[in-house]
Amino acid sequence: MNALAALWGAIVEAWQELRIHRTRVLLSLIGVGVAVCALSSVVGLANIAEQGMRENSERWGGRPALIAVFPSGEGSASETRLDAAWAAILKRHDIRYSSKVGSSALPVQFRDGVTTVPVQTVDPSYARMHRTVVAQGRWFLAADEQLLAPPVIVNEAFWRRLGSPSLAAHPTATVRKGETKVTAVVVGVMKTPDAPDDATAIILNSALDRLTGGRNADYGPPSLEAWVPPERAKPLVDAITAEFDQALGQGAVSVSRNDYLAHQDSDPLLYFKLVVGGVAVLILLLGALGLVNIAMVTVRHRIREIGVRRSFGATSARVFFAVMMESVVATVVAGAAGVGLSVLIVKSPWVEELLGRGMIADMPPFPVEAAVLGLVAATAVGALAGLLPALVAVRVKVIDAIRY
C-alpha cells in the first residue's frame, strides 16, 4: 500500500512539474508523439496491407483449407458420374461449402456488336470460398437456380459496355445461343483491378445449358472444390481420393489442397512482417534519441532546483525517481496523443480505399496490438530518456548546485 501511495505521489509530482515547464516539455515531446504515431500507423497500415494480401491469395486459391478435385476424364458421361460421386462424398463427410468451377464463353450482344465474353461457371458457395467482392448488387442466391431468366454477375468493363445501367432497374444482357437469343439478368457488378478493360462474367453451373447449350470441350472439364477446416484437410484429401478411386476407377481424379497455405511450412507473410517491424523499431529509436538529447539539456538547466531539493533532505533515490517519472509521465501522455492520431489516420476512409482498392471484404479494425505497442514504446522511451538525466541529477553535489 505504501509503495502504491509513493508511486502515485511521484506521478502527481511529475505531472505538476510538467505543468510548470509545459512549454519546454511540449517542444520536447512533439518528436515522441510523432514517433509513436508513426509506429502505431505503420503497424495499423501493415495490418490492412496484410489483410489485402491474404484476401487476394484467397481470391485466387481459395480460403484455407480448400480441397480441389481435378478430373482426368472427359465427356458428359464422365462429368455426370463425377457429379454423382461428388454429391455422395459431400453428404458423407458433411461438407457444407462446395462448388463446381469451370470455364466457358458467352456471345453477348452489346451496342457495338456481338462479343464473345469469357465466363466462369460456379455454384452459389463460390463467393464465400474465394472471397469474391461484388462492388454493386449482390452475389448469387440458391433461389437463382430456379429463375426463368438466368442471373449473371459481370465486371465493370462488361457493365460499362451495357451503358452502366442501374441495377435497381434489373438490367439485362442478350446472349446469342445459335440462332436464338437468351436474356440474362445482371444482378451484380464485381471489381477486376487486374484486368479493368476486359469484359468478363460469372454464371451459375445450372444456367450453363440455357445460356450456351452445354459445356464446351475446348475449355476442359470443370474442377470441384470444397472448403473445409484446415485440421480436416489432410485426412479428407486421402479419404476423397480413395472414394473417387472406388467410384470412378484408379487415377480418375487428382485431389489436393489448393489454397495459399497448402505448401507453406511457415507464415508466407513473415518477410513482410519483419520488414514492417524493422521500420517501426527504427522510427522508435529516432524518436528516443531526440528525446534523450532534449532531456539532457533540460536537466542541466534544472541543476540549481535539484540542489535545493537535496539541501532540504531529498534522497538520491527520490531525486532519481522524480526526474525519471517526469519523463515517463510526459511520454505516456505524448504516446496516448500519438496513438489517437494514428487511429484517425489508419481508419480514414480515404486511406482504407487507397490501400484496399475496394477489394478487401473484411476490413480489419485498428489493431489493439498497435495501440498497446505505441503506449509501451512511449513508456520505454520515457524510461530510457529519463535514465541518463536522472543519473546526472543524482550525481549533482548540493554545494555546487546552489552555486550554479
# chains A, B, ... in the order shown; residues from 1 in each chain; ligands from 1
call {"tool": "residues_around", "arguments": {"residues": "range 37-41 of chain A", "least_positions_apart": "3", "cutoff": "8 Å", "atoms": "only C-alpha atoms", "output": "ChimeraX atom specification"}}
result
/A:33-34,44-45,280-281,283-284,335,337-343,345-346,370-371,373-374
call {"tool": "closest_residue", "arguments": {"among": "A:Gly113, A:Leu29, A:Pro193, A:Gly307", "to": "Val392 in chain A", "atoms": "only C-alpha atoms"}}
result
A:Gly307
call {"tool": "select_by_dssp", "arguments": {"residues": "range 192-278 of chain A", "states": "strand (DSSP E)", "output": "JSON, numbers by chain"}}
result
{"A": [201, 202, 203, 204, 223, 224, 225, 226, 227, 253, 254, 255, 256, 257]}
call {"tool": "closest_atom_pairs", "arguments": {"of": "range 164-190 of chain A", "to": "range 130-138 of chain A", "cutoff": "8 Å", "atoms": "only C-alpha atoms", "output": "tab-separated table"}}
result
residue	atom	partner	partner_atom	distance
A:Leu167	CA	A:Gly137	CA	6.5
A:Val187	CA	A:Gly137	CA	5.7
A:Gly188	CA	A:Gly137	CA	4.2
A:Val189	CA	A:Gln136	CA	5.0
A:Met190	CA	A:Val134	CA	4.3
call {"tool": "residues_around", "arguments": {"residues": "Tyr97 in chain A", "least_positions_apart": "5", "cutoff": "8 Å", "atoms": "only C-alpha atoms", "output": "list in words"}}
result
Ser125, Tyr126, Met129, Ala226, Trp227 and Val228 of chain A
call {"tool": "residues_around", "arguments": {"residues": "Leu261 in chain A", "least_positions_apart": "6", "cutoff": "12 Å", "atoms": "only C-alpha atoms", "output": "VMD selection string"}}
result
chain A and resid 54 57 to 58 61 to 67 230 233 267 to 269
